[in-house]
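*Asks:* This is the structure I have questions about; it appears just below.
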Amino acid sequence: MASSLTCTGVIWALLSFLCAATSCVGFFMPYWLWGSQLGKPVSFGTFRRCSYPVHDESRQMMVMVEECGRYASFQGIPSAEWRICTVVTGLGCGLLLLVALTALMGCCVSELISRTVGRVAGGIQFLGGLLIGAGCALYPLGWDSEEVRQTCGYVSGQFDLG
């Protein structure tokens with residue numbers, strides 16, 4: 001197969017794919033923040049949570065469901081900052097993945113990646129990285145939500161887990 005990339009371009013494509021895959025896995029995993037509630041470990045991501053309390057009608061008490069899952073709706077995400085973080089980080093991951101897959105196709109298809117396309121792809125990657133960085137910077141702003149306070153302590157606040 002002919003390639004439109006130089007040796008440096010092939011390395012760029014492989015590293016781009018590795019970084020995009022790592023960013024996407026990190027985005028989808030609900031292990032950004034750890035704490036405990038009712039004696040059970042609890043973890044949060046931007047739009048997912050592991051272990052959550054529910055009211056058990058038969059025993060008339062709160063019990064922890066030890067499962068991971070998404071919030072029931074976008075509005076169910078505990079804070080506006082985490083909703084923004086979800087959108088911004090997801091968009092950044094999508095851009096990185098788009099560029100990485102295009103670059104990988106450039107390893108197999110001749111005349112796909114020109115110098116101009118490579119520069120535009122680099123700019124898109126930069127933007128994707130900025131979006132992911134902005135999402136990571138926004139995440140601690142949601143630490144003052146009620147769910148985080150229940151898990152990490154009621155002295156939790158923005159950029160302070162207590």
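Residue numbering restarts at 1 for every chain of the structure tokens, chains are lettered A, B, ... in their displayed order, and ligands are numbered from 1 as they appear.
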Identify, on the basis of only C-alpha atoms, every residue whose closest approach to region 89-99 of chain A does not exceed 6 Å; exclude the query and any residue fewer than 3 positions from it along the same chain; express the result as an MDAnalysis selection string.
*Replies:* chainID A and resid 20 24 85:86 102 121 125 128 131:132 135
*Asks:* Determine which residues of region 28-156 of chain A receive a DSSP assignment of strand (DSSP E or B), computed from the backbone, and state them as a PyMOL selection string.
*Replies:* chain A and resi 33-37+40-44+48-56+61-70
*Asks:* Write a file of the just-selected residues containing N, CA and C atoms, as a PDB file, in the first residue's frame.
*Replies:*
```pdb
ATOM      1  N   LEU A  33     -13.066  10.874  40.306  1.00  0.00           N
ATOM      2  CA  LEU A  33     -13.143  11.330  41.691  1.00  0.00           C
ATOM      3  C   LEU A  33     -13.603  10.156  42.559  1.00  0.00           C
ATOM      4  N   TRP A  34     -12.886   9.921  43.660  1.00  0.00           N
ATOM      5  CA  TRP A  34     -13.215   8.809  44.548  1.00  0.00           C
ATOM      6  C   TRP A  34     -13.647   9.310  45.910  1.00  0.00           C
ATOM      7  N   GLY A  35     -14.549   8.578  46.557  1.00  0.00           N
ATOM      8  CA  GLY A  35     -14.976   8.873  47.911  1.00  0.00           C
ATOM      9  C   GLY A  35     -15.700   7.661  48.461  1.00  0.00           C
ATOM     10  N   SER A  36     -16.444   7.854  49.544  1.00  0.00           N
ATOM     11  CA  SER A  36     -17.231   6.745  50.094  1.00  0.00           C
ATOM     12  C   SER A  36     -18.550   7.288  50.624  1.00  0.00           C
ATOM     13  N   GLN A  37     -19.524   6.427  50.586  1.00  0.00           N
ATOM     14  CA  GLN A  37     -20.852   6.788  51.057  1.00  0.00           C
ATOM     15  C   GLN A  37     -21.489   5.538  51.635  1.00  0.00           C
ATOM     16  N   LYS A  40     -19.384   2.414  51.519  1.00  0.00           N
ATOM     17  CA  LYS A  40     -19.053   1.794  50.230  1.00  0.00           C
ATOM     18  C   LYS A  40     -18.272   2.786  49.377  1.00  0.00           C
ATOM     19  N   PRO A  41     -17.315   2.294  48.576  1.00  0.00           N
ATOM     20  CA  PRO A  41     -16.579   3.210  47.688  1.00  0.00           C
ATOM     21  C   PRO A  41     -17.485   3.740  46.576  1.00  0.00           C
ATOM     22  N   VAL A  42     -17.322   5.027  46.277  1.00  0.00           N
ATOM     23  CA  VAL A  42     -18.110   5.702  45.246  1.00  0.00           C
ATOM     24  C   VAL A  42     -17.134   6.429  44.331  1.00  0.00           C
ATOM     25  N   SER A  43     -17.400   6.419  43.034  1.00  0.00           N
ATOM     26  CA  SER A  43     -16.566   7.178  42.108  1.00  0.00           C
ATOM     27  C   SER A  43     -17.445   7.911  41.098  1.00  0.00           C
ATOM     28  N   PHE A  44     -16.907   9.022  40.596  1.00  0.00           N
ATOM     29  CA  PHE A  44     -17.620   9.873  39.649  1.00  0.00           C
ATOM     30  C   PHE A  44     -16.768  10.126  38.413  1.00  0.00           C
ATOM     31  N   ARG A  48     -20.864   9.822  34.391  1.00  0.00           N
ATOM     32  CA  ARG A  48     -21.089   8.469  34.886  1.00  0.00           C
ATOM     33  C   ARG A  48     -20.763   8.421  36.373  1.00  0.00           C
ATOM     34  N   ARG A  49     -21.311   7.436  37.045  1.00  0.00           N
ATOM     35  CA  ARG A  49     -21.082   7.280  38.481  1.00  0.00           C
ATOM     36  C   ARG A  49     -21.082   5.798  38.822  1.00  0.00           C
ATOM     37  N   CYS A  50     -20.239   5.421  39.772  1.00  0.00           N
ATOM     38  CA  CYS A  50     -20.250   4.057  40.296  1.00  0.00           C
ATOM     39  C   CYS A  50     -20.695   4.106  41.746  1.00  0.00           C
ATOM     40  N   SER A  51     -21.637   3.252  42.087  1.00  0.00           N
ATOM     41  CA  SER A  51     -22.238   3.136  43.414  1.00  0.00           C
ATOM     42  C   SER A  51     -23.076   4.369  43.735  1.00  0.00           C
ATOM     43  N   TYR A  52     -24.338   4.132  43.983  1.00  0.00           N
ATOM     44  CA  TYR A  52     -25.246   5.233  44.292  1.00  0.00           C
ATOM     45  C   TYR A  52     -26.297   4.762  45.292  1.00  0.00           C
ATOM     46  N   PRO A  53     -26.768   5.678  46.143  1.00  0.00           N
ATOM     47  CA  PRO A  53     -27.749   5.291  47.161  1.00  0.00           C
ATOM     48  C   PRO A  53     -29.175   5.255  46.591  1.00  0.00           C
ATOM     49  N   VAL A  54     -29.946   4.281  47.045  1.00  0.00           N
ATOM     50  CA  VAL A  54     -31.374   4.204  46.734  1.00  0.00           C
ATOM     51  C   VAL A  54     -32.113   3.835  48.014  1.00  0.00           C
ATOM     52  N   HIS A  55     -33.359   4.224  48.069  1.00  0.00           N
ATOM     53  CA  HIS A  55     -34.176   3.909  49.238  1.00  0.00           C
ATOM     54  C   HIS A  55     -34.788   2.524  49.057  1.00  0.00           C
ATOM     55  N   ASP A  56     -34.482   1.625  49.986  1.00  0.00           N
ATOM     56  CA  ASP A  56     -35.024   0.268  49.973  1.00  0.00           C
ATOM     57  C   ASP A  56     -36.343   0.284  50.743  1.00  0.00           C
ATOM     58  N   MET A  61     -34.777   1.892  54.480  1.00  0.00           N
ATOM     59  CA  MET A  61     -33.473   2.525  54.699  1.00  0.00           C
ATOM     60  C   MET A  61     -32.765   2.734  53.362  1.00  0.00           C
ATOM     61  N   MET A  62     -31.709   3.536  53.384  1.00  0.00           N
ATOM     62  CA  MET A  62     -30.908   3.770  52.192  1.00  0.00           C
ATOM     63  C   MET A  62     -29.895   2.639  52.058  1.00  0.00           C
ATOM     64  N   VAL A  63     -29.756   2.111  50.856  1.00  0.00           N
ATOM     65  CA  VAL A  63     -28.744   1.092  50.562  1.00  0.00           C
ATOM     66  C   VAL A  63     -27.964   1.541  49.330  1.00  0.00           C
ATOM     67  N   MET A  64     -26.750   1.051  49.221  1.00  0.00           N
ATOM     68  CA  MET A  64     -25.906   1.407  48.083  1.00  0.00           C
ATOM     69  C   MET A  64     -26.035   0.352  46.988  1.00  0.00           C
ATOM     70  N   VAL A  65     -26.281   0.800  45.784  1.00  0.00           N
ATOM     71  CA  VAL A  65     -26.276  -0.073  44.615  1.00  0.00           C
ATOM     72  C   VAL A  65     -24.870   0.019  44.042  1.00  0.00           C
ATOM     73  N   GLU A  66     -24.160  -1.082  44.040  1.00  0.00           N
ATOM     74  CA  GLU A  66     -22.763  -1.085  43.610  1.00  0.00           C
ATOM     75  C   GLU A  66     -22.664  -1.435  42.128  1.00  0.00           C
ATOM     76  N   GLU A  67     -23.082  -0.502  41.294  1.00  0.00           N
ATOM     77  CA  GLU A  67     -23.024  -0.635  39.846  1.00  0.00           C
ATOM     78  C   GLU A  67     -22.545   0.678  39.262  1.00  0.00           C
ATOM     79  N   CYS A  68     -22.009   0.627  38.062  1.00  0.00           N
ATOM     80  CA  CYS A  68     -21.629   1.842  37.354  1.00  0.00           C
ATOM     81  C   CYS A  68     -22.648   2.108  36.262  1.00  0.00           C
ATOM     82  N   GLY A  69     -22.906   3.364  36.016  1.00  0.00           N
ATOM     83  CA  GLY A  69     -23.843   3.712  34.969  1.00  0.00           C
ATOM     84  C   GLY A  69     -23.887   5.201  34.722  1.00  0.00           C
ATOM     85  N   ARG A  70     -24.577   5.564  33.665  1.00  0.00           N
ATOM     86  CA  ARG A  70     -24.748   6.980  33.331  1.00  0.00           C
ATOM     87  C   ARG A  70     -25.888   7.559  34.149  1.00  0.00           C
TER      88      ARG A  70
END
```
*Asks:* With distances taken over only C-alpha atoms, which residue among A:Gly9, A:Gly157, A:Pro30, A:Gly162 lies nearest Ser145 (chain A)?
*Replies:* A:Gly157
*Asks:* Would you mind reading off the distance between CA of Ser79 (chain A) and CA of Thr22 (chain A), one decimal, in Å?
*Replies:*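 Atom-to-atom, CA of Ser79 (chain A) to CA of Thr22 (chain A), that is 25.1 Å.
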*Asks:* Residues near Tyr71 (chain A), anyone? I mean within 10 Å using only C-alpha atoms, not counting same-chain ones fewer than 3 positions away, as a PDB file with all heavy atoms, in the first residue's frame.
*Replies:*
```pdb
ATOM      1  N   THR A  46     -17.541  12.598  34.549  1.00  0.00           N
ATOM      2  CA  THR A  46     -18.349  13.769  34.218  1.00  0.00           C
ATOM      3  C   THR A  46     -19.808  13.401  33.998  1.00  0.00           C
ATOM      4  O   THR A  46     -20.691  14.172  34.322  1.00  0.00           O
ATOM      5  CB  THR A  46     -17.828  14.483  32.960  1.00  0.00           C
ATOM      6  OG1 THR A  46     -17.866  13.578  31.855  1.00  0.00           O
ATOM      7  CG2 THR A  46     -16.428  14.999  33.163  1.00  0.00           C
ATOM      8  N   PHE A  47     -20.055  12.225  33.445  1.00  0.00           N
ATOM      9  CA  PHE A  47     -21.442  11.843  33.156  1.00  0.00           C
ATOM     10  C   PHE A  47     -21.764  10.416  33.592  1.00  0.00           C
ATOM     11  O   PHE A  47     -22.805   9.877  33.253  1.00  0.00           O
ATOM     12  CB  PHE A  47     -21.761  12.013  31.663  1.00  0.00           C
ATOM     13  CG  PHE A  47     -20.991  11.095  30.764  1.00  0.00           C
ATOM     14  CD1 PHE A  47     -21.552   9.917  30.310  1.00  0.00           C
ATOM     15  CD2 PHE A  47     -19.704  11.415  30.372  1.00  0.00           C
ATOM     16  CE1 PHE A  47     -20.833   9.063  29.482  1.00  0.00           C
ATOM     17  CE2 PHE A  47     -18.990  10.576  29.541  1.00  0.00           C
ATOM     18  CZ  PHE A  47     -19.551   9.398  29.105  1.00  0.00           C
ATOM     19  N   ARG A  48     -20.864   9.822  34.391  1.00  0.00           N
ATOM     20  CA  ARG A  48     -21.089   8.469  34.886  1.00  0.00           C
ATOM     21  C   ARG A  48     -20.763   8.421  36.373  1.00  0.00           C
ATOM     22  O   ARG A  48     -20.001   9.237  36.867  1.00  0.00           O
ATOM     23  CB  ARG A  48     -20.208   7.464  34.143  1.00  0.00           C
ATOM     24  CG  ARG A  48     -20.544   7.411  32.657  1.00  0.00           C
ATOM     25  CD  ARG A  48     -19.764   6.354  31.950  1.00  0.00           C
ATOM     26  NE  ARG A  48     -20.313   5.048  32.335  1.00  0.00           N
ATOM     27  CZ  ARG A  48     -19.615   3.925  32.270  1.00  0.00           C
ATOM     28  NH1 ARG A  48     -18.381   3.922  31.871  1.00  0.00           N
ATOM     29  NH2 ARG A  48     -20.173   2.786  32.624  1.00  0.00           N
ATOM     30  N   ARG A  49     -21.311   7.436  37.045  1.00  0.00           N
ATOM     31  CA  ARG A  49     -21.082   7.280  38.481  1.00  0.00           C
ATOM     32  C   ARG A  49     -21.082   5.798  38.822  1.00  0.00           C
ATOM     33  O   ARG A  49     -21.841   5.027  38.249  1.00  0.00           O
ATOM     34  CB  ARG A  49     -22.184   7.989  39.256  1.00  0.00           C
ATOM     35  CG  ARG A  49     -22.078   7.822  40.734  1.00  0.00           C
ATOM     36  CD  ARG A  49     -23.197   8.474  41.469  1.00  0.00           C
ATOM     37  NE  ARG A  49     -23.004   8.195  42.899  1.00  0.00           N
ATOM     38  CZ  ARG A  49     -23.485   8.942  43.855  1.00  0.00           C
ATOM     39  NH1 ARG A  49     -24.202   9.992  43.565  1.00  0.00           N
ATOM     40  NH2 ARG A  49     -23.260   8.634  45.100  1.00  0.00           N
ATOM     41  N   CYS A  68     -22.009   0.627  38.062  1.00  0.00           N
ATOM     42  CA  CYS A  68     -21.629   1.842  37.354  1.00  0.00           C
ATOM     43  C   CYS A  68     -22.648   2.108  36.262  1.00  0.00           C
ATOM     44  O   CYS A  68     -23.181   1.171  35.662  1.00  0.00           O
ATOM     45  CB  CYS A  68     -20.245   1.691  36.711  1.00  0.00           C
ATOM     46  SG  CYS A  68     -18.910   1.555  37.915  1.00  0.00           S
ATOM     47  N   PHE A  74     -29.314  14.128  30.802  1.00  0.00           N
ATOM     48  CA  PHE A  74     -28.254  15.133  30.810  1.00  0.00           C
ATOM     49  C   PHE A  74     -28.453  16.085  31.979  1.00  0.00           C
ATOM     50  O   PHE A  74     -27.488  16.498  32.623  1.00  0.00           O
ATOM     51  CB  PHE A  74     -28.254  15.894  29.472  1.00  0.00           C
ATOM     52  CG  PHE A  74     -27.088  16.826  29.313  1.00  0.00           C
ATOM     53  CD1 PHE A  74     -25.814  16.326  29.111  1.00  0.00           C
ATOM     54  CD2 PHE A  74     -27.269  18.189  29.366  1.00  0.00           C
ATOM     55  CE1 PHE A  74     -24.727  17.179  28.966  1.00  0.00           C
ATOM     56  CE2 PHE A  74     -26.199  19.056  29.215  1.00  0.00           C
ATOM     57  CZ  PHE A  74     -24.923  18.548  29.015  1.00  0.00           C
ATOM     58  N   GLN A  75     -29.701  16.410  32.292  1.00  0.00           N
ATOM     59  CA  GLN A  75     -29.988  17.286  33.424  1.00  0.00           C
ATOM     60  C   GLN A  75     -29.727  16.594  34.764  1.00  0.00           C
ATOM     61  O   GLN A  75     -29.620  17.262  35.790  1.00  0.00           O
ATOM     62  CB  GLN A  75     -31.440  17.775  33.357  1.00  0.00           C
ATOM     63  CG  GLN A  75     -31.727  18.680  32.180  1.00  0.00           C
ATOM     64  CD  GLN A  75     -30.838  19.921  32.157  1.00  0.00           C
ATOM     65  OE1 GLN A  75     -30.590  20.524  33.182  1.00  0.00           O
ATOM     66  NE2 GLN A  75     -30.352  20.265  30.982  1.00  0.00           N
ATOM     67  N   GLY A  76     -29.618  15.272  34.762  1.00  0.00           N
ATOM     68  CA  GLY A  76     -29.333  14.526  35.977  1.00  0.00           C
ATOM     69  C   GLY A  76     -27.887  14.622  36.427  1.00  0.00           C
ATOM     70  O   GLY A  76     -27.553  14.262  37.546  1.00  0.00           O
ATOM     71  N   ILE A  77     -27.004  15.106  35.555  1.00  0.00           N
ATOM     72  CA  ILE A  77     -25.604  15.313  35.932  1.00  0.00           C
ATOM     73  C   ILE A  77     -25.594  16.340  37.063  1.00  0.00           C
ATOM     74  O   ILE A  77     -26.267  17.370  36.965  1.00  0.00           O
ATOM     75  CB  ILE A  77     -24.775  15.767  34.713  1.00  0.00           C
ATOM     76  CG1 ILE A  77     -24.745  14.649  33.662  1.00  0.00           C
ATOM     77  CG2 ILE A  77     -23.371  16.155  35.131  1.00  0.00           C
ATOM     78  CD1 ILE A  77     -24.082  15.030  32.357  1.00  0.00           C
ATOM     79  N   PRO A  78     -24.845  16.083  38.154  1.00  0.00           N
ATOM     80  CA  PRO A  78     -24.982  16.869  39.379  1.00  0.00           C
ATOM     81  C   PRO A  78     -24.787  18.382  39.288  1.00  0.00           C
ATOM     82  O   PRO A  78     -25.345  19.110  40.082  1.00  0.00           O
ATOM     83  CB  PRO A  78     -23.919  16.281  40.306  1.00  0.00           C
ATOM     84  CG  PRO A  78     -23.608  14.957  39.777  1.00  0.00           C
ATOM     85  CD  PRO A  78     -23.891  14.998  38.327  1.00  0.00           C
TER      86      PRO A  78
END
```
*Asks:* With distances taken over only C-alpha atoms, which of A:Tyr31, A:Ile11, A:Thr6, A:Leu18 is nearest to Arg115 (chain A)?
*Replies:*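 Of A:Tyr31, A:Ile11, A:Thr6, A:Leu18, the one nearest Arg115 (chain A) is A:Thr6, counting only C-alpha atoms.
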*Asks:* Please indicate the distance in Å from CA of Leu141 (chain A) to CA of Phe126 (chain A), rounded to one decimal place.
*Replies:* 23.7 Å
*Asks:* Can you check which residues of region 96-131 of chain A DSSP gives as helix (DSSP H, G or I) on the backbone and send them as a short mmCIF file (atom, residue, chain, number, x, y, z; two decimals) with N, CA, C and O atoms, in the first residue's frame?
*Replies:*
```cif
data_model
loop_
_atom_site.label_atom_id
_atom_site.label_comp_id
_atom_site.auth_asym_id
_atom_site.auth_seq_id
_atom_site.Cartn_x
_atom_site.Cartn_y
_atom_site.Cartn_z
N LEU A 96 -9.97 14.80 18.40
CA LEU A 96 -8.73 14.01 18.40
C LEU A 96 -8.91 12.69 17.67
O LEU A 96 -8.03 12.27 16.91
N LEU A 97 -10.03 12.06 17.89
CA LEU A 97 -10.29 10.79 17.23
C LEU A 97 -10.45 10.96 15.72
O LEU A 97 -9.94 10.14 14.94
N LEU A 98 -11.12 12.02 15.31
CA LEU A 98 -11.28 12.30 13.88
C LEU A 98 -9.93 12.49 13.19
O LEU A 98 -9.66 11.88 12.14
N VAL A 99 -9.06 13.28 13.78
CA VAL A 99 -7.74 13.52 13.20
C VAL A 99 -6.91 12.24 13.21
O VAL A 99 -6.24 11.91 12.23
N ALA A 100 -6.96 11.49 14.32
CA ALA A 100 -6.17 10.27 14.42
C ALA A 100 -6.59 9.23 13.38
O ALA A 100 -5.74 8.62 12.73
N LEU A 101 -7.88 9.06 13.19
CA LEU A 101 -8.35 8.08 12.20
C LEU A 101 -8.02 8.53 10.78
O LEU A 101 -7.67 7.71 9.93
N THR A 102 -8.12 9.83 10.53
CA THR A 102 -7.73 10.35 9.21
C THR A 102 -6.25 10.13 8.97
O THR A 102 -5.83 9.73 7.87
N ALA A 103 -5.44 10.37 9.99
CA ALA A 103 -3.98 10.17 9.86
C ALA A 103 -3.66 8.70 9.63
O ALA A 103 -2.78 8.38 8.82
N LEU A 104 -4.36 7.81 10.32
CA LEU A 104 -4.13 6.38 10.11
C LEU A 104 -4.51 5.96 8.70
O LEU A 104 -3.84 5.12 8.08
N MET A 105 -5.60 6.55 8.18
CA MET A 105 -5.96 6.25 6.78
C MET A 105 -4.89 6.76 5.83
O MET A 105 -4.64 6.17 4.79
N GLY A 106 -4.24 7.87 6.22
CA GLY A 106 -3.15 8.41 5.41
C GLY A 106 -1.96 7.47 5.32
O GLY A 106 -1.15 7.58 4.40
N ARG A 115 0.67 18.55 2.74
CA ARG A 115 1.27 19.41 3.75
C ARG A 115 0.19 20.30 4.39
O ARG A 115 0.14 20.48 5.60
N THR A 116 -0.69 20.85 3.57
CA THR A 116 -1.75 21.72 4.08
C THR A 116 -2.73 20.94 4.97
O THR A 116 -3.12 21.41 6.04
N VAL A 117 -3.13 19.75 4.53
CA VAL A 117 -4.03 18.92 5.33
C VAL A 117 -3.37 18.56 6.66
O VAL A 117 -4.02 18.57 7.71
N GLY A 118 -2.08 18.28 6.63
CA GLY A 118 -1.35 17.97 7.85
C GLY A 118 -1.34 19.14 8.82
O GLY A 118 -1.50 18.96 10.03
N ARG A 119 -1.16 20.34 8.30
CA ARG A 119 -1.17 21.53 9.16
C ARG A 119 -2.56 21.78 9.74
O ARG A 119 -2.70 22.14 10.91
N VAL A 120 -3.58 21.63 8.93
CA VAL A 120 -4.95 21.79 9.42
C VAL A 120 -5.25 20.73 10.48
O VAL A 120 -5.84 21.03 11.53
N ALA A 121 -4.83 19.49 10.24
CA ALA A 121 -5.04 18.42 11.21
C ALA A 121 -4.31 18.74 12.52
O ALA A 121 -4.86 18.50 13.61
N GLY A 122 -3.12 19.28 12.43
CA GLY A 122 -2.39 19.68 13.64
C GLY A 122 -3.13 20.77 14.40
O GLY A 122 -3.19 20.74 15.63
N GLY A 123 -3.73 21.72 13.69
CA GLY A 123 -4.51 22.76 14.33
C GLY A 123 -5.75 22.20 15.00
O GLY A 123 -6.11 22.61 16.12
N ILE A 124 -6.40 21.25 14.34
CA ILE A 124 -7.58 20.61 14.93
C ILE A 124 -7.19 19.81 16.18
O ILE A 124 -7.88 19.83 17.19
N GLN A 125 -6.03 19.15 16.11
CA GLN A 125 -5.54 18.43 17.29
C GLN A 125 -5.27 19.38 18.44
O GLN A 125 -5.59 19.09 19.59
N PHE A 126 -4.67 20.51 18.13
CA PHE A 126 -4.40 21.52 19.16
C PHE A 126 -5.69 21.98 19.81
O PHE A 126 -5.80 22.07 21.03
N LEU A 127 -6.71 22.25 18.98
CA LEU A 127 -8.01 22.66 19.49
C LEU A 127 -8.62 21.56 20.36
O LEU A 127 -9.16 21.83 21.44
N GLY A 128 -8.54 20.31 19.90
CA GLY A 128 -9.04 19.19 20.70
C GLY A 128 -8.35 19.08 22.04
O GLY A 128 -8.99 18.86 23.07
N GLY A 129 -7.03 19.27 22.04
CA GLY A 129 -6.28 19.24 23.30
C GLY A 129 -6.69 20.38 24.23
O GLY A 129 -6.81 20.18 25.44
N LEU A 130 -6.92 21.56 23.65
CA LEU A 130 -7.37 22.69 24.46
C LEU A 130 -8.74 22.42 25.07
O LEU A 130 -8.98 22.75 26.24
N LEU A 131 -9.63 21.83 24.30
CA LEU A 131 -10.96 21.52 24.81
C LEU A 131 -10.90 20.49 25.94
O LEU A 131 -11.58 20.64 26.97
#
```
*Asks:* If I take CA of Arg149 (chain A) and CA of Glu57 (chain A), how far is one from the other in Å, to one decimal?
*Replies:*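 About the pair CA of Arg149 (chain A) and CA of Glu57 (chain A): they are 24.6 Å apart.
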